[in-house]
Structure formats: structure tokens, C-alpha cells
Amino acid sequence: MNEKAIGIFEQYDLKVDSAFKYRGNYGCYTATGKYILMEYDFSEEKLETIFTVQEYLEQGGIKTEKLIHNKENRIISVGEDGFGYVLKKIYDVEECDIRRREHLEKAAKNLGKIHKHCREMATIWDETVRIYPAKNMLDAFRKHNKEILHIKNYIGKRKNKNYFERYLQGIIEAYWNQGKETVTLLEQSAYEELYRNAICQKQILHGNYNQHAIGFEQQNPVLVHLSKVYYGPRIQDVYDFLRKVLEKNNWNIALGHEVLGHYETENPLKKEEYTVLKALFSYPEKFWKIVNYYYNSNKSWYSEKNEEKLKAFQEQEGFRREFIASL
């Protein structure tokens, strides 16, 4: 084993049986499970917060990868090279297949359990713990609308347009209007009240719940890659997960409602949350991502990939609008 890895493992109460290379770092097997060393990306305060959430989730029967404290009760261990590392207990999991119904059922129920269990989590926080508010979707959509308008004006003035730009010019105003209509819908909904209340009540939001955030160990869900914990309304997690599912499944209406139903077996949504969810889906977020990527990339290079993504989005547009109408 690499001497650097040996030195770091020795800082933990672990009896290493064997070691392995893992994406440029090292992992080890012990009598208590499988662990990996990783260079840390966050402050120790942030890592302690994530650890607290992981422990709390485990108390509620939600299995999760977990950060480990060293012998000095610190999450960050400093190696001989002067760099900081964290040790995390992991599991041999199969990543969630976003096209397998049994995976989606379990992932949706798991998200419902997370939200339900964390509803009372505010009582355990020390006042010094810093968790930041999740993004305000109204602010985000207003910003996106300005960006779409800016790109619309840029293309209008651009000479020698390539095929992608000519195609985009023909449809961009319609999606800009969709964006403006969504902002109006959200303003008229209970979103801002839900957002304020969630922050005031310290409601925990996963912040990045998608197929990469959940794995299955012998068909049982395991939360992996937990790194973005925020205060915010749970409907944003539901929207993020469900949008990913639908984009990968051609906006299958029946599947969308099926996944929502599985979530609600654990944590039913309120009527006003459904209204907010419908408004969130009304925003052409995939369109914004495509055109924003185009604008911020080297525009002198013609990208077939951008063109393919835009056409694929357009082909699904009718199904997307049907799903929105079904909510």
C-alpha cells in the first residue's frame, strides 16, 4: 500500500485487512466495512454538518454513506504531504437506473422518508451550525429569463449565423415567453411563503437528489454523495428528481404520476405544493441549459451536440406540455 495512505489510515481506529486504489485515492476493507480516502472539498464546519445529517438519517432507518472521525475526533486528517483528507464509509451499490420502475419506486419512497424524517431536525441544531438557504426558484428563473433575452438579442445581431443559431432564432422568443409566464405563475402561487417558512423552520433539503445520489445494496436504497444540504421547501427536491426522471423517459405521464404516488406513500404533498410543482415544471429549464451552454462556450465552433440536444428537447416538448397539463 502507498505509504501516504498507510499514514492516513493509521489516524483512524481501523484494522485494515486489505487496500485498493480508488479513482486516484485509496480505499480499504475492514471487519466493519469498506472505506475510501478522499481529498476534502469543503470546510470542516460544512463536513461536520453533513456528518450530523448522515447520523440523523441513519437514526430514521435511512442508510447512507458516512463520514468518519479520526482518533482526534476530527473529520479532516492531514497527510505527510500536507493535504487534508476525509475518510468515508461506503457500500457496494448498484446506481439507480432511471429507466427501471422498481428503482424509481424505491428512490421516490426514500426521498419521501428523508423529508418526513428531517421535518423535526431543527431541534438538534446548535445555533453555530451554518446551513444556507437553497436557491430561490423565483430569483433563479428571473435571472434565467434575463439570460435568454440577452442571448436572443445577441443572435439577432449576429451575422453569418450557423444552422443552430438560425434554428434557435426561430424558437427562442416562444421559450422566453414561457419563462415570463412561469415567473407570473410562481408569483401567484404559495411558493414564496413555502420558501420563507422552510428556511424559518429549518427544513432540510437534499439539494441534488437524482439517480446519481441513490444506489441499491441488494435492492435496498443507500444515499450516496450527500454534499449539498440546504434549508428549503421539499417541493424543490421533488421537482429536481422528477424532472430528471421525465427527461430520461420522454415525459411519460403515467410514470410521472406513478413516481409522485410512491413519494406520497411516505410524505403526502399539499394542494398548494402541487400548484407550485406545476409552475416549476412550466419553466423550460432544459432549453435554458442548452442555450446558456451555447452562449458561454466558444461560439466560433459549430457544435452538433448542441443542435442534437435542442432538437431532442423540441421533440419532447409536446409530451412535456401534456404532463404539465396533467398536474
# chains A, B, ... in the order shown; residues from 1 in each chain; ligands from 1

$ select_by_dssp --residues "stretch 86-318 of chain A" --states "helix (DSSP H, G or I)" --output "short mmCIF file (atom, residue, chain, number, x, y, z; two decimals) with C-alpha atoms, in the first residue's frame"
data_model
loop_
_atom_site.label_atom_id
_atom_site.label_comp_id
_atom_site.auth_asym_id
_atom_site.auth_seq_id
_atom_site.Cartn_x
_atom_site.Cartn_y
_atom_site.Cartn_z
CA ARG A 101 -39.52 1.26 -12.41
CA GLU A 102 -38.53 -0.70 -9.29
CA HIS A 103 -35.52 1.61 -8.80
CA LEU A 104 -37.63 4.71 -9.28
CA GLU A 105 -40.24 3.45 -6.82
CA LYS A 106 -37.66 2.90 -4.10
CA ALA A 107 -35.82 6.14 -4.84
CA ALA A 108 -39.06 8.16 -4.66
CA LYS A 109 -40.11 6.50 -1.39
CA ASN A 110 -36.64 7.10 0.02
CA LEU A 111 -36.90 10.82 -0.77
CA GLY A 112 -40.28 10.91 0.97
CA LYS A 113 -38.74 9.25 4.03
CA ILE A 114 -35.87 11.75 4.07
CA HIS A 115 -38.21 14.73 4.01
CA LYS A 116 -40.54 13.20 6.60
CA HIS A 117 -37.75 12.28 8.99
CA CYS A 118 -35.96 15.63 8.66
CA ARG A 119 -39.11 17.61 9.37
CA GLU A 120 -38.21 17.73 13.07
CA MET A 121 -34.46 18.06 12.57
CA ALA A 122 -34.34 21.74 13.54
CA THR A 123 -34.44 20.69 17.20
CA ILE A 124 -30.95 19.13 17.07
CA MET A 137 -36.51 29.41 -7.77
CA LEU A 138 -38.25 32.71 -8.47
CA ASP A 139 -34.94 34.55 -8.37
CA ALA A 140 -33.31 31.80 -10.45
CA PHE A 141 -35.99 31.90 -13.14
CA ARG A 142 -35.92 35.71 -13.31
CA LYS A 143 -32.16 35.52 -13.84
CA HIS A 144 -32.55 32.81 -16.50
CA ASN A 145 -35.11 34.95 -18.32
CA LYS A 146 -32.64 37.84 -18.49
CA GLU A 147 -30.02 35.45 -19.87
CA ILE A 148 -32.39 34.10 -22.52
CA LEU A 149 -33.30 37.66 -23.55
CA HIS A 150 -29.61 38.57 -23.76
CA ILE A 151 -28.93 35.53 -25.99
CA LYS A 152 -31.99 36.36 -28.11
CA ASN A 153 -30.65 39.87 -28.74
CA TYR A 154 -27.13 38.56 -29.35
CA ILE A 155 -28.29 36.11 -32.03
CA GLY A 156 -30.46 38.77 -33.63
CA LYS A 157 -27.39 40.95 -34.17
CA TYR A 163 -27.67 26.36 -38.68
CA PHE A 164 -28.01 26.04 -34.89
CA GLU A 165 -28.25 29.80 -34.47
CA ARG A 166 -30.81 30.18 -37.26
CA TYR A 167 -32.89 27.38 -35.74
CA LEU A 168 -32.58 28.88 -32.27
CA GLN A 169 -33.59 32.33 -33.52
CA GLY A 170 -36.88 30.87 -34.74
CA ILE A 171 -37.92 29.43 -31.38
CA ILE A 172 -36.18 31.45 -28.65
CA GLU A 173 -38.88 34.08 -28.21
CA ALA A 174 -41.53 31.44 -27.53
CA TYR A 175 -39.44 29.98 -24.72
CA TRP A 176 -38.59 33.40 -23.35
CA ASN A 177 -42.36 33.99 -23.12
CA GLN A 178 -42.77 30.64 -21.37
CA GLY A 179 -40.19 31.75 -18.85
CA LYS A 180 -42.00 35.02 -18.17
CA GLU A 181 -45.32 33.19 -17.78
CA THR A 182 -43.72 30.80 -15.27
CA VAL A 183 -42.47 33.68 -13.14
CA THR A 184 -46.02 35.06 -13.05
CA LEU A 185 -47.41 31.63 -12.07
CA LEU A 186 -44.87 31.27 -9.26
CA GLU A 187 -45.56 34.80 -8.02
CA GLN A 188 -49.26 33.97 -7.84
CA TYR A 191 -44.06 29.43 -3.43
CA GLU A 192 -42.58 32.42 -1.63
CA GLU A 193 -44.50 31.55 1.54
CA LEU A 194 -43.32 27.93 1.34
CA TYR A 195 -39.76 29.10 0.78
CA ARG A 196 -39.77 31.53 3.73
CA ASN A 197 -41.41 29.00 6.06
CA ALA A 198 -38.96 26.26 5.10
CA ILE A 199 -35.99 28.44 5.99
CA CYS A 200 -37.60 29.73 9.19
CA ILE A 235 -41.03 20.53 -3.36
CA GLN A 236 -37.73 21.64 -4.91
CA ASP A 237 -36.22 18.19 -4.28
CA VAL A 238 -39.35 16.56 -5.70
CA TYR A 239 -39.16 18.77 -8.79
CA ASP A 240 -35.46 18.14 -9.38
CA PHE A 241 -35.79 14.36 -9.09
CA LEU A 242 -38.99 14.06 -11.10
CA ARG A 243 -37.73 16.34 -13.88
CA LYS A 244 -34.64 14.15 -14.32
CA VAL A 245 -36.83 11.05 -14.44
CA LEU A 246 -39.19 12.51 -17.03
CA GLU A 247 -36.47 13.95 -19.26
CA LYS A 248 -34.93 10.49 -19.49
CA ILE A 253 -47.25 10.97 -17.93
CA ALA A 254 -48.20 7.70 -16.28
CA LEU A 255 -44.66 7.19 -14.99
CA GLY A 256 -44.51 10.74 -13.63
CA HIS A 257 -47.67 10.29 -11.59
CA GLU A 258 -46.52 6.84 -10.50
CA VAL A 259 -43.27 8.27 -9.10
CA LEU A 260 -45.18 11.08 -7.35
CA GLY A 261 -47.52 8.46 -5.88
CA HIS A 262 -44.60 6.50 -4.46
CA TYR A 263 -43.21 9.66 -2.84
CA GLU A 264 -46.61 10.42 -1.33
CA THR A 265 -46.92 6.99 0.29
CA GLU A 266 -44.26 8.29 2.67
CA LYS A 271 -52.63 21.15 -2.72
CA GLU A 272 -50.57 24.36 -2.78
CA GLU A 273 -47.41 22.30 -3.29
CA TYR A 274 -48.93 20.69 -6.37
CA THR A 275 -49.68 24.19 -7.70
CA VAL A 276 -46.05 25.17 -7.14
CA LEU A 277 -44.83 21.92 -8.74
CA LYS A 278 -46.91 22.63 -11.85
CA ALA A 279 -45.44 26.14 -12.06
CA LEU A 280 -41.88 24.83 -11.68
CA PHE A 281 -42.40 22.34 -14.50
CA SER A 282 -43.76 25.13 -16.67
CA GLU A 285 -35.25 24.63 -17.83
CA LYS A 286 -33.67 22.22 -20.29
CA PHE A 287 -33.95 24.85 -23.02
CA TRP A 288 -32.24 27.43 -20.81
CA LYS A 289 -29.39 24.99 -20.05
CA ILE A 290 -28.78 24.30 -23.75
CA VAL A 291 -28.74 27.94 -24.87
CA ASN A 292 -26.77 29.08 -21.83
CA TYR A 293 -24.13 26.45 -22.53
CA TYR A 294 -24.00 27.58 -26.16
CA TYR A 295 -23.57 31.22 -25.19
CA ASN A 296 -20.83 30.55 -22.64
CA GLU A 304 -23.50 19.32 -33.46
CA LYS A 305 -24.08 18.23 -29.86
CA ASN A 306 -25.89 21.48 -29.06
CA GLU A 307 -28.02 21.04 -32.15
CA GLU A 308 -28.87 17.44 -31.22
CA LYS A 309 -29.82 18.44 -27.66
CA LEU A 310 -32.02 21.29 -28.86
CA LYS A 311 -33.81 19.10 -31.41
CA ALA A 312 -34.30 16.33 -28.82
CA PHE A 313 -35.78 18.91 -26.43
CA GLN A 314 -38.12 20.14 -29.16
CA GLU A 315 -39.23 16.60 -29.97
CA GLN A 316 -40.25 16.10 -26.33
CA GLU A 317 -41.94 19.46 -25.99
CA GLY A 318 -45.45 18.21 -26.72
#

$ select_by_dssp --residues "stretch 2-122 of chain A" --states "strand (DSSP E)" --output "NGL selection string"
:A and (18-22 or 25-30 or 33-39 or 66-68 or 77-78 or 84-90 or 94-95)

$ closest_residue --among "A:Ile68, A:Tyr132, A:Glu94, A:Val53" --to "A:Leu226" --atoms "only C-alpha atoms"
A:Val53

$ atom_distance --atom1 "atom CA of A:Leu57" --atom2 "atom CA of A:Asn25"
27.0 Å

$ closest_residue --among "A:Leu37, A:Ile98, A:Ala325, A:Ile50" --to "A:Val86" --atoms "only C-alpha atoms"
A:Leu37

$ closest_residue --among "A:Asp81, A:Gln211, A:Leu67, A:Ile90" --to "A:Tyr35" --atoms "only C-alpha atoms"
A:Ile90

$ atom_distance --atom1 "atom CA of A:Ile75" --atom2 "atom CA of A:Ala134"
24.6 Å

$ residues_around --residues "A:Gly82" --least-positions-apart "4" --cutoff "12 Å" --atoms "only C-alpha atoms" --output "list in words"
Lys4, Gly7, Ile8, Glu39, Ile76, Ser77 and Val78 of chain A

$ write_last_selection --atoms "C-alpha atoms" --output "short mmCIF file (atom, residue, chain, number, x, y, z; two decimals), in the first residue's frame"
data_model
loop_
_atom_site.label_atom_id
_atom_site.label_comp_id
_atom_site.auth_asym_id
_atom_site.auth_seq_id
_atom_site.Cartn_x
_atom_site.Cartn_y
_atom_site.Cartn_z
CA LYS A 4 0.93 8.13 2.32
CA GLY A 7 -0.06 7.13 7.37
CA ILE A 8 -3.60 8.47 6.98
CA GLU A 39 -9.33 14.90 -0.67
CA ILE A 76 -10.19 16.14 8.30
CA SER A 77 -6.92 14.22 8.59
CA VAL A 78 -3.70 15.79 7.36
#

$ residues_around --residues "A:Lys89" --least-positions-apart "3" --cutoff "12 Å" --atoms "only C-alpha atoms" --output "list in words"
Leu14, Gly27, Cys28, Tyr29, Thr30, Thr32, Gly33, Lys34, Tyr35, Ile36, Leu37, Met38, Phe51, Gln54, Lys63, Thr64, Glu65, Lys66, Leu67, Ile68, His69, Val86, Asp92, Val222, Leu223, Val224 and His225 of chain A
